[in-house]
>>> print(open('upload_14.cif').read())   # mmCIF, C-alpha atoms
data_start
#
loop_
_atom_site.label_atom_id
_atom_site.label_comp_id
_atom_site.auth_asym_id
_atom_site.auth_seq_id
_atom_site.Cartn_x
_atom_site.Cartn_y
_atom_site.Cartn_z
CA MET A 1 103.11 118.74 79.69
CA PRO A 2 101.52 116.79 82.59
CA PRO A 3 103.71 115.96 85.59
CA THR A 4 105.78 112.80 85.38
CA GLN A 5 103.90 109.85 86.86
CA PRO A 6 105.73 107.18 88.90
CA GLN A 7 105.99 103.74 87.32
CA ASP A 8 104.50 100.94 89.41
CA HIS A 9 106.39 97.65 89.44
CA GLU A 10 105.16 94.20 90.44
CA PRO A 11 108.09 91.85 89.76
CA PRO A 12 107.68 88.07 89.98
CA ILE A 13 107.61 87.00 93.62
CA LEU A 14 110.49 84.63 94.31
CA PRO A 15 110.73 82.55 97.50
CA ARG A 16 112.38 84.42 100.35
CA VAL A 17 115.23 81.94 100.68
CA VAL A 18 115.99 82.26 96.95
CA CYS A 19 116.13 86.07 97.12
CA HIS A 20 118.32 85.97 100.19
CA SER A 21 120.73 83.35 98.85
CA LEU A 22 121.05 84.89 95.40
CA GLY A 23 121.51 88.37 96.82
CA LEU A 24 124.17 87.20 99.24
CA GLY A 25 126.01 85.37 96.47
CA LEU A 26 125.95 88.40 94.19
CA LEU A 27 127.19 90.69 96.97
CA LEU A 28 130.10 88.34 97.57
CA ALA A 29 130.85 88.05 93.85
CA ASN A 30 130.82 91.83 93.42
CA LYS A 31 133.06 92.24 96.47
CA ILE A 32 135.62 89.86 94.96
CA ARG A 33 135.34 91.45 91.52
CA ARG A 34 135.82 94.98 92.85
CA THR A 35 138.75 93.87 94.98
CA ILE A 36 140.48 92.54 91.87
CA ARG A 37 139.30 95.28 89.50
CA PRO A 38 138.42 98.76 90.81
CA TYR A 39 135.13 100.43 89.94
CA ASP A 40 135.56 101.53 86.32
CA ARG A 41 132.31 100.89 84.45
CA PRO A 42 129.28 102.79 85.76
CA ARG A 43 127.07 101.89 82.79
CA PRO A 44 126.18 98.42 81.49
CA TRP A 45 127.72 99.14 78.08
CA SER A 46 131.13 100.12 76.81
CA SER A 47 132.04 103.79 76.41
CA ARG A 48 133.08 102.82 72.88
CA ASP A 49 129.37 102.66 72.04
CA ILE A 50 129.28 106.35 71.22
CA ASP A 51 125.70 106.58 69.96
CA ARG A 52 124.32 104.88 73.04
CA SER A 53 126.45 107.01 75.37
CA ILE A 54 125.35 110.24 73.72
CA ALA A 55 121.71 109.17 73.80
CA TYR A 56 122.08 108.45 77.51
CA ASP A 57 123.54 111.91 78.19
CA PHE A 58 120.62 113.56 76.42
CA ASP A 59 118.22 111.36 78.42
CA VAL A 60 119.87 112.48 81.67
CA VAL A 61 119.45 116.15 80.79
CA ARG A 62 115.88 115.45 79.71
CA ASN A 63 115.25 113.79 83.08
CA TRP A 64 116.57 116.84 84.94
CA GLU A 65 114.46 119.08 82.73
CA GLY A 66 111.35 117.06 83.57
CA GLY A 67 112.11 117.17 87.27
CA PHE A 68 112.52 120.92 87.39
CA ARG A 69 109.46 121.40 85.19
CA ASP A 70 107.32 119.24 87.47
CA ALA A 71 108.60 121.25 90.46
CA GLY A 72 107.63 124.53 88.80
CA LEU A 73 111.22 125.61 88.06
CA GLY A 74 111.25 126.01 84.32
CA ASP A 75 114.25 128.28 83.72
CA TRP A 76 116.92 126.12 85.33
CA ILE A 77 119.89 126.20 82.89
CA ARG A 78 120.45 129.64 81.45
CA GLY A 79 123.28 131.57 83.12
CA ARG A 80 123.79 128.92 85.82
CA HIS A 81 127.13 127.83 87.28
CA VAL A 82 126.70 124.07 87.47
CA LEU A 83 128.30 121.46 89.70
CA GLU A 84 127.54 117.85 88.76
CA LEU A 85 128.40 115.06 91.17
CA GLY A 86 129.49 111.79 89.55
CA PRO A 87 129.20 112.48 85.80
CA GLY A 88 130.24 108.95 84.82
CA PRO A 89 132.46 108.00 81.87
CA ASP A 90 132.24 111.30 79.97
CA LEU A 91 131.40 114.99 80.32
CA GLY A 92 128.59 114.89 77.79
CA THR A 93 125.94 116.28 80.12
CA GLY A 94 128.18 119.28 80.79
CA LEU A 95 128.56 120.09 77.11
CA ILE A 96 124.81 119.79 76.59
CA LEU A 97 124.17 122.19 79.47
CA LEU A 98 126.77 124.65 78.17
CA ALA A 99 125.24 124.46 74.68
CA ARG A 100 121.86 125.32 76.21
CA GLY A 101 123.11 128.38 78.04
CA ALA A 102 124.81 127.37 81.29
CA ALA A 103 127.56 129.83 82.27
CA SER A 104 129.94 127.12 83.49
CA TYR A 105 130.04 123.42 84.27
CA THR A 106 132.23 121.62 86.81
CA ALA A 107 132.11 117.86 87.30
CA ILE A 108 133.40 116.24 90.46
CA ASP A 109 134.00 112.54 91.01
CA ARG A 110 135.80 110.12 93.28
CA PHE A 111 136.71 107.79 90.41
CA PRO A 112 138.53 109.01 87.25
CA LEU A 113 135.87 107.50 85.00
CA ALA A 114 135.63 110.34 82.46
CA THR A 115 139.32 110.49 81.66
CA GLY A 116 139.01 107.76 79.02
CA ALA A 117 136.27 109.29 76.86
CA SER A 118 137.45 109.41 73.25
CA ASP A 119 137.94 112.44 71.03
CA ARG A 120 135.44 110.88 68.63
CA PHE A 121 132.79 110.85 71.35
CA TYR A 122 133.15 114.60 71.90
CA GLU A 123 133.41 115.38 68.19
CA THR A 124 130.19 113.45 67.55
CA LEU A 125 128.39 115.08 70.47
CA LEU A 126 129.43 118.61 69.46
CA THR A 127 128.19 117.96 65.94
CA ARG A 128 124.81 116.92 67.33
CA LEU A 129 124.70 120.05 69.48
CA GLU A 130 124.90 122.34 66.45
CA GLY A 131 121.80 124.47 66.44
CA GLU A 132 121.60 124.73 70.23
CA PRO A 133 121.55 128.35 71.50
CA ALA A 134 125.16 128.33 72.74
CA ALA A 135 126.66 125.50 70.66
CA VAL A 136 129.66 127.62 69.64
CA SER A 137 130.43 128.48 73.26
CA ALA A 138 130.24 124.80 74.20
CA ALA A 139 132.67 123.88 71.43
CA GLU A 140 135.06 126.62 72.53
CA ALA A 141 134.80 125.45 76.15
CA TYR A 142 135.73 121.92 75.09
CA GLN A 143 138.75 123.12 73.09
CA LEU A 144 139.98 125.17 76.05
CA PHE A 145 139.42 122.23 78.38
CA MET A 146 141.63 120.05 76.19
CA SER A 147 144.49 122.56 76.28
CA GLU A 148 144.07 124.19 79.71
CA PRO A 149 141.66 122.05 81.75
CA ASP A 150 141.64 124.29 84.85
CA ARG A 151 140.93 127.62 83.16
CA GLY A 152 137.73 127.53 81.17
CA PRO A 153 134.02 127.06 81.86
CA LEU A 154 134.32 123.25 81.54
CA ARG A 155 136.17 121.56 84.42
CA TYR A 156 136.66 118.08 85.87
CA LEU A 157 137.80 117.55 89.47
CA LEU A 158 138.82 114.31 91.14
CA ALA A 159 138.71 113.29 94.77
CA GLY A 160 141.84 113.06 96.84
CA GLY A 161 142.15 109.62 98.43
CA ASN A 162 138.86 108.57 99.95
CA ARG A 163 137.44 112.09 100.25
CA MET A 164 135.83 114.43 97.81
CA PRO A 165 137.90 117.59 97.32
CA ILE A 166 136.95 120.74 99.18
CA LEU A 167 135.93 123.31 96.59
CA ALA A 168 137.91 126.16 98.14
CA GLY A 169 138.28 129.02 95.70
CA ARG A 170 135.82 127.53 93.21
CA GLY A 171 132.31 128.69 92.57
CA PRO A 172 130.06 129.91 93.84
CA PHE A 173 127.76 127.47 92.08
CA ASP A 174 124.03 127.94 91.80
CA LEU A 175 122.94 124.61 90.30
CA TRP A 176 123.80 121.20 91.79
CA LEU A 177 122.99 118.08 89.77
CA SER A 178 123.49 114.35 90.08
CA GLN A 179 122.15 111.29 88.29
CA ALA A 180 122.33 108.01 90.22
CA ALA A 181 125.43 109.21 92.10
CA LEU A 182 124.47 110.06 95.69
CA GLU A 183 123.57 106.45 96.47
CA HIS A 184 127.20 105.48 95.78
CA VAL A 185 128.48 107.77 98.54
CA ALA A 186 129.09 105.78 101.73
CA ASP A 187 128.24 108.71 104.03
CA PRO A 188 126.31 111.44 102.24
CA HIS A 189 126.21 113.51 105.47
CA ASP A 190 129.90 114.36 105.16
CA LEU A 191 129.77 114.97 101.42
CA ILE A 192 126.79 117.32 101.64
CA ALA A 193 128.42 119.27 104.47
CA GLU A 194 131.66 119.54 102.50
CA LEU A 195 130.15 120.68 99.21
CA THR A 196 127.32 122.96 100.40
CA PRO A 197 129.53 126.01 101.20
CA ALA A 198 130.44 126.19 97.50
CA PHE A 199 126.81 127.05 96.63
CA SER A 200 125.30 130.50 96.73
CA PRO A 201 122.11 131.21 98.71
CA GLY A 202 119.12 130.48 96.51
CA ALA A 203 120.98 127.81 94.52
CA ILE A 204 118.81 124.97 93.24
CA ALA A 205 119.56 121.26 93.10
CA LEU A 206 118.24 118.08 91.55
CA HIS A 207 119.46 114.69 92.70
CA HIS A 208 118.08 111.60 90.99
CA VAL A 209 118.68 108.70 93.37
CA ASP A 210 118.56 105.03 92.41
CA ALA A 211 117.91 103.37 95.78
CA ALA A 212 117.38 99.86 94.41
CA THR A 213 119.67 96.88 94.11
CA HIS A 214 122.11 97.71 91.29
CA THR A 215 122.97 94.22 90.00
CA PRO A 216 120.86 93.95 86.80
CA TRP A 217 119.48 90.38 86.92
CA ILE A 218 118.25 90.41 90.49
CA ARG A 219 117.16 94.06 90.28
CA ASP A 220 114.42 93.10 87.82
CA ARG A 221 113.12 90.41 90.16
CA ASP A 222 113.79 91.84 93.63
CA PRO A 223 114.56 95.59 93.54
CA LEU A 224 114.87 95.83 97.33
CA ASN A 225 117.26 92.89 97.63
CA ILE A 226 120.05 94.95 99.27
CA LEU A 227 117.64 95.71 102.13
CA ARG A 228 117.43 92.05 103.12
CA PHE A 229 120.74 91.92 104.99
CA PRO A 230 121.83 93.12 108.45
CA GLU A 231 124.20 96.09 108.47
CA ARG A 232 127.21 94.06 109.60
CA ILE A 233 126.87 91.63 106.68
CA TYR A 234 126.18 94.30 104.09
CA ARG A 235 129.10 96.40 105.28
CA ALA A 236 131.46 93.41 105.22
CA LEU A 237 130.53 92.74 101.59
CA SER A 238 130.63 96.38 100.47
CA PHE A 239 133.31 98.09 98.39
CA PRO A 240 133.92 101.70 97.31
CA GLY A 241 130.87 102.63 95.26
CA SER A 242 128.43 100.16 96.86
CA PRO A 243 124.89 101.53 97.26
CA ASN A 244 124.50 103.05 100.74
CA ARG A 245 120.88 101.80 101.27
CA TRP A 246 119.59 105.26 102.26
CA ARG A 247 115.91 105.96 101.65
CA ALA A 248 114.46 109.30 100.56
CA SER A 249 113.85 110.73 104.03
CA SER A 250 117.51 110.24 105.00
CA TYR A 251 118.66 112.38 102.08
CA VAL A 252 116.05 115.03 102.83
CA SER A 253 117.19 115.14 106.46
CA ALA A 254 120.91 115.34 105.62
CA LEU A 255 120.38 118.06 103.00
CA GLY A 256 118.02 119.96 105.30
CA ALA A 257 120.65 119.98 108.05
CA GLU A 258 122.93 121.91 105.68
CA GLY A 259 120.30 124.47 104.71
CA TRP A 260 118.74 122.84 101.63
CA ASP A 261 114.95 123.19 101.59
CA LEU A 262 112.95 120.49 99.84
CA VAL A 263 110.96 121.85 96.91
CA ASP A 264 109.65 118.54 95.62
CA LEU A 265 110.16 114.80 96.12
CA GLN A 266 109.20 112.97 92.93
CA PRO A 267 108.82 109.16 92.97
CA ILE A 268 109.97 107.60 89.68
CA HIS A 269 109.80 103.83 90.33
CA ARG A 270 107.91 102.08 93.13
CA LEU A 271 106.62 98.67 94.08
CA THR A 272 102.89 98.07 94.05
CA GLY A 273 101.17 97.48 97.36
CA ALA A 274 100.93 93.75 96.66
CA ALA A 275 104.62 93.47 95.75
CA LEU A 276 105.66 95.42 98.83
CA ALA A 277 103.53 93.25 101.10
CA ALA A 278 105.19 90.15 99.68
CA VAL A 279 108.71 91.55 100.04
CA ARG A 280 108.52 93.29 103.43
CA PRO A 281 108.69 90.19 105.70
CA GLY A 282 112.05 89.21 104.19
CA LEU A 283 113.77 92.54 104.77
CA ASP A 284 116.15 93.31 107.60
CA GLU A 285 114.30 94.69 110.62
CA ARG A 286 115.97 98.09 110.11
CA PHE A 287 113.92 98.52 106.92
CA ARG A 288 110.93 96.26 107.60
CA SER A 289 109.22 98.84 109.80
CA LEU A 290 109.49 101.77 107.37
CA PRO A 291 106.24 103.33 106.09
CA ASP A 292 104.93 102.02 102.78
CA ASP A 293 105.62 105.25 100.87
CA GLU A 294 109.19 105.32 102.14
CA LEU A 295 109.96 101.69 101.41
CA ALA A 296 108.14 101.13 98.12
CA VAL A 297 109.85 103.95 96.22
CA PHE A 298 113.18 102.77 94.87
CA SER A 299 113.96 105.58 92.43
CA PHE A 300 113.20 109.25 93.01
CA ARG A 301 114.18 112.84 92.30
CA LEU A 302 114.87 115.40 95.01
CA ILE A 303 114.49 119.04 93.98
CA LEU A 304 115.86 121.51 96.52
CA ARG A 305 116.76 125.14 97.06
CA ARG A 306 119.48 126.41 99.36
CA GLY A 307 118.12 128.77 101.98
CA VAL A 308 119.07 132.42 101.90
CA GLY A 309 119.78 132.82 105.58
#
>>> encode(input="upload_14.cif", output="structure tokens")
Amino acid sequence: MPPTQPQDHEPPILPRVVCHSLGLGLLLANKIRRTIRPYDRPRPWSSRDIDRSIAYDFDVVRNWEGGFRDAGLGDWIRGRHVLELGPGPDLGTGLILLARGAASYTAIDRFPLATGASDRFYETLLTRLEGEPAAVSAAEAYQLFMSEPDRGPLRYLLAGGNRMPILAGRGPFDLWLSQAALEHVADPHDLIAELTPAFSPGAIALHHVDAATHTPWIRDRDPLNILRFPERIYRALSFPGSPNRWRASSYVSALGAEGWDLVDLQPIHRLTGAALAAVRPGLDERFRSLPDDELAVFSFRLILRRGVG
């Protein structure tokens, strides 16, 4: 299959004052909403929509598969000990990976989003996994997880307070995955430093980062809207789980400082040159001066390998 090609976007150009005012209003509304109701719905549909949730989990694994394939790392599942950061409202990706030959799967999250997934969701998913190479092992891992959640190859760990847990005594892991999770970490430097020792030398990683505005309506019209505001204003209107506004080079630098070597940086969504030229003057000066390639890309995959020494 040919490498995945980035999708170019040229959204309708709205007046600068409209983008700024709407974005500011939505930030304030989200701040109020998350103050009243904690972050509990990472997807724009209910977890009760089982078919849609299962389809999404398969799409996530397919996305990881495409990223590793494009980076020349074809055999990325079999026998791996997997750590996924921020699995969302269920552990479906973990069961898919186990059914396809992963040795173990551990999910780690700050929010207890996956605790409410229904038995029917897992029963339906396991039925659809029949025929996969290790479907029986995946089903057994799920049954053990339900009775003794800290013993088997399927595990789910929660953060303590405002910090991710240190993975002392767990691992070593040799595959680190995330799907639209790293951008929700306020300071990825600390997280990367805390989790890296749990990975063996030579471990591989794929992080898909959604670096755009997350609010659906304005995202379609102004994907870089969160970059319009000075740091003091954005921070004042942030809440746990707000996008951190990092661009690709910041992640590469933070991961590199902890011994992760970049194998491939794959743009997924980017603004066209014309769209970027129209948007750039309205951005905060911190972002306005960034190179075109750095600023235009608002969704990307990072494929990395941990150094051996």
>>> residues_around(input="upload_14.cif", residues="Leu283 in chain A", least_positions_apart="5", cutoff="9 Å", atoms="all atoms listed in the file", output="list of chain:residue names")
A:Leu224, A:Asn225, A:Ile226, A:Leu227, A:Arg228, A:Phe229, A:Pro230, A:Arg288
>>> write_last_selection(input="upload_14.cif", atoms="C-alpha atoms", output="tab-separated table (two decimals), in the frame of the given file")
chain	number	residue	atom	x	y	z
A	224	LEU	CA	114.87	95.83	97.33
A	225	ASN	CA	117.26	92.89	97.63
A	226	ILE	CA	120.05	94.95	99.27
A	227	LEU	CA	117.64	95.71	102.13
A	228	ARG	CA	117.43	92.05	103.12
A	229	PHE	CA	120.74	91.92	104.99
A	230	PRO	CA	121.83	93.12	108.45
A	288	ARG	CA	110.93	96.26	107.60
>>> resolve_selection(input="upload_14.cif", expression="the PyMOL selection byres ((chain A and resi 184-190) around 7)", output="mmCIF file with C-alpha atoms, in the frame of the given file")
data_model
loop_
_atom_site.group_PDB
_atom_site.id
_atom_site.type_symbol
_atom_site.label_atom_id
_atom_site.label_comp_id
_atom_site.auth_asym_id
_atom_site.auth_seq_id
_atom_site.Cartn_x
_atom_site.Cartn_y
_atom_site.Cartn_z
ATOM 1 C CA ALA A 181 125.430 109.210 92.100
ATOM 2 C CA LEU A 182 124.470 110.060 95.690
ATOM 3 C CA GLU A 183 123.570 106.450 96.470
ATOM 4 C CA LEU A 191 129.770 114.970 101.420
ATOM 5 C CA ILE A 192 126.790 117.320 101.640
ATOM 6 C CA ALA A 193 128.420 119.270 104.470
ATOM 7 C CA GLU A 194 131.660 119.540 102.500
ATOM 8 C CA GLY A 241 130.870 102.630 95.260
ATOM 9 C CA SER A 242 128.430 100.160 96.860
ATOM 10 C CA PRO A 243 124.890 101.530 97.260
ATOM 11 C CA ASN A 244 124.500 103.050 100.740
ATOM 12 C CA ALA A 254 120.910 115.340 105.620
#
>>> residues_around(input="upload_14.cif", residues="range 104-121 of chain A", least_positions_apart="5", cutoff="7 Å", atoms="all atoms listed in the file", output="VMD selection string")
chain A and resid 40 47 50 80 to 91 94 98 153 to 159 164
>>> closest_residue(input="upload_14.cif", among="A:Pro216, A:Gly282, A:Glu258, A:Phe300", to="Trp64 in chain A", atoms="only C-alpha atoms")
A:Phe300
>>> atom_distance(input="upload_14.cif", atom1="CA of Pro11 in chain A", atom2="CA of Arg221 in chain A")
5.2 Å
>>> atom_distance(input="upload_14.cif", atom1="CA of Leu304 in chain A", atom2="CA of Ala71 in chain A")
9.5 Å
